[in-house]
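File shown: start_14.cif (mmCIF, C-alpha atoms).
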```cif
data_run
loop_
_atom_site.label_atom_id
_atom_site.label_comp_id
_atom_site.auth_asym_id
_atom_site.auth_seq_id
_atom_site.Cartn_x
_atom_site.Cartn_y
_atom_site.Cartn_z
CA MET A 217 12.35 60.28 -29.49
CA ASN A 218 15.04 57.63 -29.37
CA ALA A 219 15.94 55.20 -26.57
CA ILE A 220 18.55 57.60 -25.14
CA ASP A 221 16.06 60.44 -24.88
CA THR A 222 13.49 58.34 -23.02
CA GLY A 223 15.86 56.27 -20.92
CA MET A 224 14.50 53.13 -22.54
CA THR A 225 16.52 50.31 -24.02
CA ALA A 226 15.85 48.15 -27.02
CA GLU A 227 14.76 45.39 -24.63
CA THR A 228 12.03 47.68 -23.28
CA HIS A 229 10.52 47.96 -26.74
CA LYS A 230 10.60 44.23 -27.37
CA ALA A 231 7.10 43.10 -28.27
CA VAL A 232 5.40 40.82 -25.82
CA GLN A 233 4.74 37.44 -27.40
CA MET A 234 1.25 36.09 -26.79
CA VAL A 235 0.43 32.42 -26.45
CA THR A 236 -3.04 31.10 -27.28
CA ILE A 237 -4.49 28.04 -25.57
CA THR A 238 -8.02 26.78 -24.96
CA VAL A 239 -9.53 26.65 -21.49
CA ASP A 240 -12.67 24.52 -21.27
CA GLY A 241 -13.04 24.86 -25.04
CA ALA A 242 -12.70 28.64 -25.20
CA PRO A 243 -9.56 30.28 -26.67
CA VAL A 244 -7.57 32.60 -24.43
CA SER A 245 -4.33 34.48 -25.10
CA VAL A 246 -1.80 35.31 -22.37
CA PRO A 247 1.78 36.61 -22.45
CA GLU A 248 4.51 34.04 -23.07
CA GLY A 249 5.78 32.62 -19.76
CA SER A 250 2.42 32.92 -18.03
CA THR A 251 1.10 30.07 -15.92
CA LEU A 252 -2.01 28.04 -16.58
CA LEU A 253 -3.51 29.69 -13.50
CA ALA A 254 -3.08 33.08 -15.13
CA ALA A 255 -4.75 31.72 -18.27
CA CYS A 256 -7.63 30.30 -16.21
CA ASN A 257 -8.07 33.67 -14.52
CA ALA A 258 -8.02 35.41 -17.90
CA ALA A 259 -10.73 33.01 -19.06
CA ARG A 260 -12.69 33.78 -15.86
CA LYS A 261 -12.49 30.21 -14.68
CA GLU A 262 -12.40 30.24 -10.90
CA THR A 263 -9.54 28.03 -9.77
CA PRO A 264 -9.07 27.41 -6.03
CA THR A 265 -5.59 28.04 -4.66
CA LEU A 266 -4.03 27.90 -1.20
CA CYS A 267 -0.24 27.64 -1.45
CA TRP A 268 0.02 30.03 -4.42
CA GLY A 269 1.09 33.59 -3.64
CA ASP A 270 1.43 36.50 -6.05
CA THR A 271 4.71 37.59 -4.44
CA LEU A 272 6.27 34.13 -4.03
CA THR A 273 7.66 31.40 -6.27
CA PRO A 274 5.10 28.56 -6.57
CA LYS A 275 5.76 25.66 -4.21
CA ASN A 276 3.18 23.21 -5.61
CA ALA A 277 2.35 22.10 -2.09
CA CYS A 278 -1.43 22.14 -1.65
CA ARG A 279 -2.38 20.56 -5.02
CA VAL A 280 -5.86 22.09 -4.96
CA CYS A 281 -5.32 24.05 -8.20
CA MET A 282 -4.73 20.96 -10.37
CA VAL A 283 -6.10 21.03 -13.92
CA GLU A 284 -6.19 18.55 -16.77
CA VAL A 285 -4.14 19.09 -19.92
CA LYS A 286 -5.28 16.94 -22.84
CA GLY A 287 -2.60 14.44 -23.75
CA ALA A 288 -0.86 14.63 -20.36
CA ARG A 289 -0.66 11.46 -18.28
CA VAL A 290 -1.34 13.20 -14.97
CA LEU A 291 -3.01 16.36 -13.73
CA VAL A 292 -0.75 19.42 -13.51
CA PRO A 293 -0.54 22.26 -10.97
CA SER A 294 -1.90 25.33 -12.71
CA CYS A 295 0.01 27.69 -10.39
CA SER A 296 3.39 26.69 -11.83
CA ARG A 297 2.87 24.99 -15.19
CA LYS A 298 3.68 27.39 -18.01
CA VAL A 299 1.44 27.78 -21.04
CA GLU A 300 2.44 26.24 -24.35
CA PRO A 301 0.87 27.01 -27.73
CA GLY A 302 -2.11 24.83 -28.54
CA MET A 303 -2.64 23.50 -25.01
CA GLU A 304 -6.14 22.26 -24.26
CA VAL A 305 -6.92 22.75 -20.57
CA LEU A 306 -9.88 21.39 -18.65
CA THR A 307 -10.69 22.95 -15.28
CA ASP A 308 -13.88 21.07 -14.40
CA SER A 309 -13.48 17.55 -15.77
CA GLU A 310 -14.31 14.53 -13.61
CA ARG A 311 -10.58 13.92 -12.96
CA VAL A 312 -10.14 17.50 -11.79
CA ARG A 313 -13.22 17.45 -9.61
CA HIS A 314 -12.22 14.13 -8.05
CA SER A 315 -8.71 15.42 -7.31
CA ARG A 316 -9.92 18.65 -5.73
CA ARG A 317 -12.56 16.83 -3.72
CA MET A 318 -9.95 14.44 -2.34
CA VAL A 319 -7.50 17.22 -1.45
CA LEU A 320 -10.17 19.31 0.26
CA GLU A 321 -11.43 16.31 2.23
CA LEU A 322 -7.95 15.34 3.42
CA LEU A 323 -7.17 18.93 4.41
CA GLY A 324 -10.54 19.41 6.08
CA SER A 325 -10.22 16.19 8.06
CA SER A 326 -6.85 17.12 9.54
CA VAL A 327 -6.76 20.93 9.65
CA ASP A 328 -9.02 23.62 11.09
CA LEU A 329 -10.06 25.55 7.97
CA SER A 330 -12.61 27.76 9.72
CA THR A 331 -10.74 30.99 8.89
CA THR A 332 -9.68 30.03 5.36
CA PRO A 333 -11.27 32.45 2.85
CA GLY A 334 -13.53 30.77 0.30
CA ILE A 335 -13.23 27.28 1.76
CA ASP A 336 -16.96 26.78 2.40
CA GLY A 337 -17.79 27.51 -1.22
CA TRP A 338 -15.12 25.11 -2.45
CA MET A 339 -16.35 22.34 -0.16
CA GLN A 340 -19.86 22.78 -1.50
CA ARG A 341 -18.76 23.13 -5.12
CA TYR A 342 -16.80 19.87 -5.10
CA GLU A 343 -19.13 18.03 -2.70
CA ALA A 344 -16.28 17.42 -0.28
CA ASP A 345 -17.12 15.67 2.99
CA PRO A 346 -14.11 15.65 5.35
CA GLU A 347 -16.07 13.90 8.08
CA ARG A 348 -16.24 10.69 6.08
CA HIS A 349 -12.64 10.07 7.19
CA GLY A 350 -13.82 9.90 10.79
CA ALA A 351 -14.37 12.26 13.68
CA PRO A 352 -11.37 14.56 14.32
CA ALA A 353 -8.92 13.31 16.91
CA GLY A 354 -8.36 15.42 20.00
CA GLU A 355 -5.70 18.02 20.64
CA SER A 356 -2.12 16.76 20.83
CA LEU A 357 0.35 18.18 23.33
CA GLN A 358 3.31 16.34 21.82
CA ARG A 359 3.60 17.77 18.31
CA ASP A 360 6.75 19.71 19.22
CA VAL A 361 8.42 16.45 20.26
CA HIS A 362 9.08 14.27 17.24
CA GLN A 363 10.12 10.70 17.91
CA PRO A 364 12.39 9.08 15.31
CA GLY A 365 10.88 6.50 13.01
CA GLU A 366 7.70 6.27 11.03
CA HIS A 367 4.39 7.83 11.96
CA HIS A 368 2.40 5.53 14.23
CA LEU A 369 -0.89 4.72 12.55
CA GLY A 370 -4.09 4.98 14.52
CA ASP A 371 -6.80 2.37 14.76
CA GLY A 372 -9.01 4.15 12.21
CA SER A 373 -11.64 5.21 14.71
CA VAL A 374 -10.75 8.89 14.39
CA ALA A 375 -9.03 11.11 11.83
CA ALA A 376 -5.59 12.33 12.86
CA THR A 377 -5.40 16.12 13.02
CA MET A 378 -2.92 18.93 13.42
CA ALA A 379 -4.77 20.11 16.54
CA GLN A 380 -2.48 21.50 19.22
CA PRO A 381 -2.40 24.42 21.67
CA ASP A 382 -2.09 27.90 20.17
CA LYS A 383 1.37 29.44 20.50
CA VAL A 384 0.98 32.85 22.14
CA ASP A 385 4.51 33.93 23.06
CA ASN A 386 4.52 37.61 22.05
CA ASP A 387 2.20 40.61 21.78
CA LEU A 388 2.32 40.95 17.99
CA PHE A 389 1.09 37.77 16.31
CA VAL A 390 -0.13 34.30 17.22
CA ARG A 391 0.66 30.91 15.72
CA GLN A 392 -2.29 28.51 15.44
CA TYR A 393 -0.66 25.49 13.86
CA SER A 394 -3.92 23.54 14.06
CA LYS A 395 -4.84 25.65 11.00
CA CYS A 396 -1.55 25.10 9.15
CA ILE A 397 -1.63 23.24 5.81
CA LEU A 398 2.18 23.29 5.36
CA CYS A 399 2.01 25.46 2.27
CA TYR A 400 5.59 26.71 2.88
CA LYS A 401 4.62 30.32 2.14
CA CYS A 402 5.73 31.56 5.57
CA VAL A 403 9.02 29.67 5.26
CA ASP A 404 9.74 31.24 1.88
CA ALA A 405 8.74 34.73 3.03
CA CYS A 406 10.96 34.44 6.11
CA GLY A 407 13.78 32.82 4.16
CA PRO A 408 15.43 33.34 0.78
CA GLN A 409 12.57 34.96 -1.11
CA TRP A 410 12.09 38.03 1.10
CA GLN A 411 13.26 38.54 4.67
CA ASN A 412 16.33 36.26 4.82
CA SER A 413 15.88 35.78 8.57
CA PHE A 414 15.48 31.99 8.32
CA ALA A 415 13.74 31.89 11.69
CA ILE A 416 11.38 29.08 10.74
CA GLN A 417 11.54 25.83 8.80
CA ILE A 418 9.80 22.48 8.50
CA ALA A 419 10.48 20.14 11.44
CA GLY A 420 9.53 16.48 11.63
CA ARG A 421 8.56 14.04 8.91
CA GLY A 422 5.36 12.81 7.34
CA PHE A 423 2.21 13.66 9.26
CA ASP A 424 4.36 14.84 12.16
CA SER A 425 5.75 17.68 10.05
CA GLN A 426 5.07 21.23 11.18
CA ILE A 427 6.47 24.74 10.97
CA SER A 428 8.87 25.35 13.83
CA THR A 429 11.68 27.54 15.07
CA GLU A 430 15.11 26.10 15.74
CA PHE A 431 14.80 23.64 18.65
CA ALA A 432 11.13 24.71 18.90
CA VAL A 433 12.04 27.78 20.97
CA ASP A 434 9.60 30.65 21.43
CA LEU A 435 9.65 33.32 18.72
CA PRO A 436 11.28 35.98 20.96
CA ASP A 437 14.22 33.58 21.47
CA SER A 438 14.55 32.77 17.77
CA ALA A 439 15.98 34.65 14.79
CA CYS A 440 12.54 36.17 14.13
CA VAL A 441 12.60 39.95 13.56
CA PHE A 442 8.80 40.23 13.79
CA CYS A 443 8.35 41.76 10.35
CA GLY A 444 5.07 39.85 10.05
CA ASN A 445 5.65 39.02 6.40
CA CYS A 446 4.77 35.41 7.25
CA VAL A 447 1.40 36.63 8.53
CA GLU A 448 0.88 38.53 5.27
CA VAL A 449 1.13 35.42 3.12
CA CYS A 450 -0.60 32.84 5.37
CA PRO A 451 -3.70 31.56 3.50
CA THR A 452 -5.58 29.91 6.37
CA GLY A 453 -5.26 32.20 9.39
CA ALA A 454 -2.71 29.94 11.07
CA LEU A 455 -0.74 33.16 11.61
CA SER A 456 -2.73 36.18 12.73
CA PHE A 457 -2.35 39.51 14.46
CA LYS A 458 -2.68 39.28 18.23
CA SER A 459 -5.38 41.94 17.95
CA GLU A 460 -7.37 39.78 15.52
CA TYR A 461 -6.81 36.68 17.65
CA ASP A 462 -8.14 38.42 20.77
CA MET A 463 -11.13 39.89 18.94
CA ARG A 464 -12.07 36.51 17.48
CA ALA A 465 -11.86 34.99 20.96
CA ALA A 466 -14.19 37.74 22.21
CA ASP A 467 -16.46 37.25 19.16
CA THR A 468 -16.05 40.91 18.17
CA TRP A 469 -14.08 40.42 14.92
CA ASP A 470 -16.33 41.49 12.03
CA GLU A 471 -14.76 42.11 8.63
CA SER A 472 -18.07 43.40 7.26
CA ARG A 473 -17.71 46.41 9.57
CA GLN A 474 -14.09 47.07 8.68
CA THR A 475 -12.79 49.71 6.29
CA GLN A 476 -9.44 49.71 4.52
CA THR A 477 -7.37 52.81 3.87
CA THR A 478 -4.01 52.71 2.09
CA THR A 479 -1.45 55.34 3.05
CA VAL A 480 2.32 55.79 3.30
CA CYS A 481 4.22 54.51 6.33
CA THR A 482 5.69 57.45 8.25
CA TYR A 483 8.40 55.65 10.22
CA CYS A 484 11.19 56.20 7.66
CA GLY A 485 11.80 57.59 4.20
CA VAL A 486 11.59 54.34 2.21
CA GLY A 487 7.98 54.99 1.25
CA CYS A 488 6.30 51.64 1.93
CA ASN A 489 2.54 51.62 1.49
CA VAL A 490 0.41 50.34 4.35
CA THR A 491 -3.27 49.43 4.35
CA LEU A 492 -5.00 50.18 7.65
CA HIS A 493 -7.86 47.84 8.58
CA VAL A 494 -10.19 49.79 10.86
CA GLN A 495 -13.14 48.55 12.88
CA ASP A 496 -15.14 50.78 15.24
CA ASN A 497 -12.66 53.61 14.64
CA GLU A 498 -9.69 51.51 15.78
CA ILE A 499 -6.90 49.99 13.71
CA VAL A 500 -7.13 46.22 14.10
CA LYS A 501 -4.36 45.16 11.71
CA VAL A 502 -2.08 46.43 8.94
CA THR A 503 -1.34 44.87 5.57
CA SER A 504 0.55 46.13 2.53
CA PRO A 505 -0.42 46.21 -1.19
CA HIS A 506 1.29 43.40 -3.06
CA ASP A 507 1.45 45.44 -6.26
CA HIS A 508 3.41 48.28 -4.68
CA SER A 509 6.82 48.67 -6.32
CA ILE A 510 8.72 49.18 -3.06
CA GLY A 511 7.56 46.59 -0.57
CA HIS A 512 5.56 44.12 -2.68
CA GLY A 513 3.44 43.39 0.38
CA ASN A 514 6.37 43.24 2.81
CA LEU A 515 6.93 45.53 5.80
CA CYS A 516 9.20 45.84 8.82
CA ILE A 517 8.09 45.45 12.43
CA LYS A 518 7.31 49.17 12.74
CA GLY A 519 5.25 49.40 9.59
CA ARG A 520 3.19 46.31 10.31
CA PHE A 521 2.79 46.40 14.09
CA GLY A 522 3.62 49.95 15.14
CA PHE A 523 0.04 51.21 15.23
CA GLN A 524 -0.92 50.64 18.86
CA HIS A 525 0.11 54.13 19.92
CA VAL A 526 -2.69 55.58 17.79
CA GLN A 527 -5.21 54.08 20.21
CA SER A 528 -3.15 54.20 23.42
CA ARG A 529 -3.64 57.93 24.14
CA LYS A 530 -7.37 57.59 23.71
CA LYS A 531 -7.52 54.74 26.20
CA GLU A 532 -5.23 56.36 28.75
CA ASP A 533 -6.99 59.72 28.92
CA GLY A 534 -10.49 58.26 29.02
CA GLY A 535 -11.38 59.30 25.48
CA ASN A 536 -10.54 63.02 25.69
CA GLY A 537 -7.60 62.70 23.25
CA ARG A 538 -5.36 64.86 25.41
#
```

Just give me the structure as structure tokens.
Amino acid sequence: MNAIDTGMTAETHKAVQMVTITVDGAPVSVPEGSTLLAACNAARKETPTLCWGDTLTPKNACRVCMVEVKGARVLVPSCSRKVEPGMEVLTDSERVRHSRRMVLELLGSSVDLSTTPGIDGWMQRYEADPERHGAPAGESLQRDVHQPGEHHLGDGSVAATMAQPDKVDNDLFVRQYSKCILCYKCVDACGPQWQNSFAIQIAGRGFDSQISTEFAVDLPDSACVFCGNCVEVCPTGALSFKSEYDMRAADTWDESRQTQTTTVCTYCGVGCNVTLHVQDNEIVKVTSPHDHSIGHGNLCIKGRFGFQHVQSRKKEDGGNGR
């Protein structure tokens, strides 16, 4: 069959060029244009990442995925550096371990990482000790008010933190900026890479920087359309479903008791896939498969948050389902 019969073009049949590099002394081949992170994954070398997202352009913000390339003057971010033939990559050298330890300690000293997946293992693996920077400072009520000028240094007795009151201004999701590492993933998902709502951006400078709406207004008064795509990409739990937030506060959130079922959203004919997270026979949150060809992990407000009615009848009729 020729290209016309199959609907394929000559470009479709173009052979994929493979690039071979060595990762920790072992050869690995990946398609041309792949990142070092992809090569590390192919070589089964666990590489910690926070700001990297499989549906977003790398931002190189967190710097926890740094690796050493022989001959390079500095460490390079594996999430964005492309492979080149003959590269020799080290993922566990002393330089790499020192860099990751430093990054994890600085993050851990200033940010609440308690709901960040995998963080405990990374802290142990790299012998990171955030508390050596001092006891965490208390909660700040002034982080939404940024004074001009440089950040005012403390006296060194405590470690400055991002701690601030949780922002609960709607019934769909909560913002806990004390857990925010400024990875920019929510900004990109809300902005040019997916939703194009541009409801949030970075406000302030230096350590006073934080994610904020225009003029720090509440989300319902901003350009937010409550698609929840920012929640989907958040790596630390700084953005979470209101249902999850309430269950964690009540100490009833238990992922080990949750099941996940992927189905098709029924609100319209687009065909987005949704993954229902169910605990104790109730939907507690909804995500979307990142490898789905339609949504790539993104949903609208109905697909992501329109599940409450499934439980509402049960609660209203006392459990009879009528």

| query | Nearest to A:Trp410: which of A:Cys443, A:Val232, A:Val327, A:Leu435 is it, counting only C-alpha atoms? | reply | A:Cys443

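Across the structure, atom CA of A:Ala242 and atom CA of A:Asn257 are spaced 12.7 Å apart.
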
| note | Shortest contact to A:Ser325, candidates A:Ala432, A:His349, A:Ser309, A:Ala344, atoms counted only C-alpha atoms, goes to A:His349

| message | Residues near stretch 262-279 of chain A, anyone? I mean within 10 Å using only C-alpha atoms, not counting same-chain ones fewer than 3 positions away, as a ChimeraX atom specification. | response | /A:253-254,256-259,282-283,291-297,307-308,315-316,319-320,323,332-335,337-338,397-402,404-405,409-410,449-452,506-507,512-514

| query | Taking all atoms listed in the file into account, which of A:Leu388, A:Asn412, A:Asp437, A:Gly487 comes nearest A:Ser459? | reply | A:Leu388

| message | Can you translate the PyMOL selection byres ((chain A and resi 393) around 7) into the concrete residues it hits in this file, as a ChimeraX atom specification? | response | /A:378,380,382,391-392,394-396,454

| query | For the atom pair atom CA of A:Asp424 and atom CA of A:Gly453, what is the interatomic distance in Å to one decimal place? | reply | 20.0 Å

| Evaluating the PyMOL selection byres ((chain A and resi 488-496) around 9) on the displayed file yields which residues, as JSON, numbers by chain? | {"A": [469, 470, 471, 473, 474, 475, 476, 477, 478, 479, 480, 481, 482, 484, 485, 486, 487, 497, 498, 499, 500, 501, 502, 503, 504, 505, 508, 509, 510, 511, 512, 513, 514, 515, 519, 520]}

Restricting the output to C-alpha atoms, write the selected residues as a JSON list (two decimals), keeping the file's coordinate frame.
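What landed in selection.json:
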```json
[["chain", "number", "residue", "atom", "x", "y", "z"],
["A", 469, "TRP", "CA", -14.08, 40.42, 14.92],
["A", 470, "ASP", "CA", -16.33, 41.49, 12.03],
["A", 471, "GLU", "CA", -14.76, 42.11, 8.63],
["A", 473, "ARG", "CA", -17.71, 46.41, 9.57],
["A", 474, "GLN", "CA", -14.09, 47.07, 8.68],
["A", 475, "THR", "CA", -12.79, 49.71, 6.29],
["A", 476, "GLN", "CA", -9.44, 49.71, 4.52],
["A", 477, "THR", "CA", -7.37, 52.81, 3.87],
["A", 478, "THR", "CA", -4.01, 52.71, 2.09],
["A", 479, "THR", "CA", -1.45, 55.34, 3.05],
["A", 480, "VAL", "CA", 2.32, 55.79, 3.30],
["A", 481, "CYS", "CA", 4.22, 54.51, 6.33],
["A", 482, "THR", "CA", 5.69, 57.45, 8.25],
["A", 484, "CYS", "CA", 11.19, 56.20, 7.66],
["A", 485, "GLY", "CA", 11.80, 57.59, 4.20],
["A", 486, "VAL", "CA", 11.59, 54.34, 2.21],
["A", 487, "GLY", "CA", 7.98, 54.99, 1.25],
["A", 497, "ASN", "CA", -12.66, 53.61, 14.64],
["A", 498, "GLU", "CA", -9.69, 51.51, 15.78],
["A", 499, "ILE", "CA", -6.90, 49.99, 13.71],
["A", 500, "VAL", "CA", -7.13, 46.22, 14.10],
["A", 501, "LYS", "CA", -4.36, 45.16, 11.71],
["A", 502, "VAL", "CA", -2.08, 46.43, 8.94],
["A", 503, "THR", "CA", -1.34, 44.87, 5.57],
["A", 504, "SER", "CA", 0.55, 46.13, 2.53],
["A", 505, "PRO", "CA", -0.42, 46.21, -1.19],
["A", 508, "HIS", "CA", 3.41, 48.28, -4.68],
["A", 509, "SER", "CA", 6.82, 48.67, -6.32],
["A", 510, "ILE", "CA", 8.72, 49.18, -3.06],
["A", 511, "GLY", "CA", 7.56, 46.59, -0.57],
["A", 512, "HIS", "CA", 5.56, 44.12, -2.68],
["A", 513, "GLY", "CA", 3.44, 43.39, 0.38],
["A", 514, "ASN", "CA", 6.37, 43.24, 2.81],
["A", 515, "LEU", "CA", 6.93, 45.53, 5.80],
["A", 519, "GLY", "CA", 5.25, 49.40, 9.59],
["A", 520, "ARG", "CA", 3.19, 46.31, 10.31]]
```

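Comparing the minimum interatomic distances between A:Asp434 and each of A:Pro408, A:Ala415, A:Ser245, A:Val305, counting only C-alpha atoms, we find that A:Ala415 sits nearest.
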
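What separates atom CA of A:Phe523 from atom CA of A:Tyr483 is a distance of 10.7 Å.
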
| query | Mind telling me what the PyMOL selection byres ((chain A and resi 247) around 10) catches here, as a list in words? | reply | Val232, Gln233, Met234, Val235, Thr236, Ser245, Val246, Glu248, Gly249, Ser250, Thr251, Ala254, Ala255 and Val299 of chain A

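Nearest to A:Ser425 of all the residues A:Asn445, A:Pro301, A:Thr377, A:Leu252 is A:Thr377, based on all atoms listed in the file.
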
| message | List the spatial neighbours of A:Gly241 as a ChimeraX atom specification - criterion: any atom at most 10 Å away, only C-alpha atoms, same-chain residues fewer than 2 positions off excluded. | response | /A:237-239,243-244,304-306

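Closest approach to A:Val390 among A:Leu455, A:Cys516, A:Ala465, A:Val280: A:Leu455, based on only C-alpha atoms.
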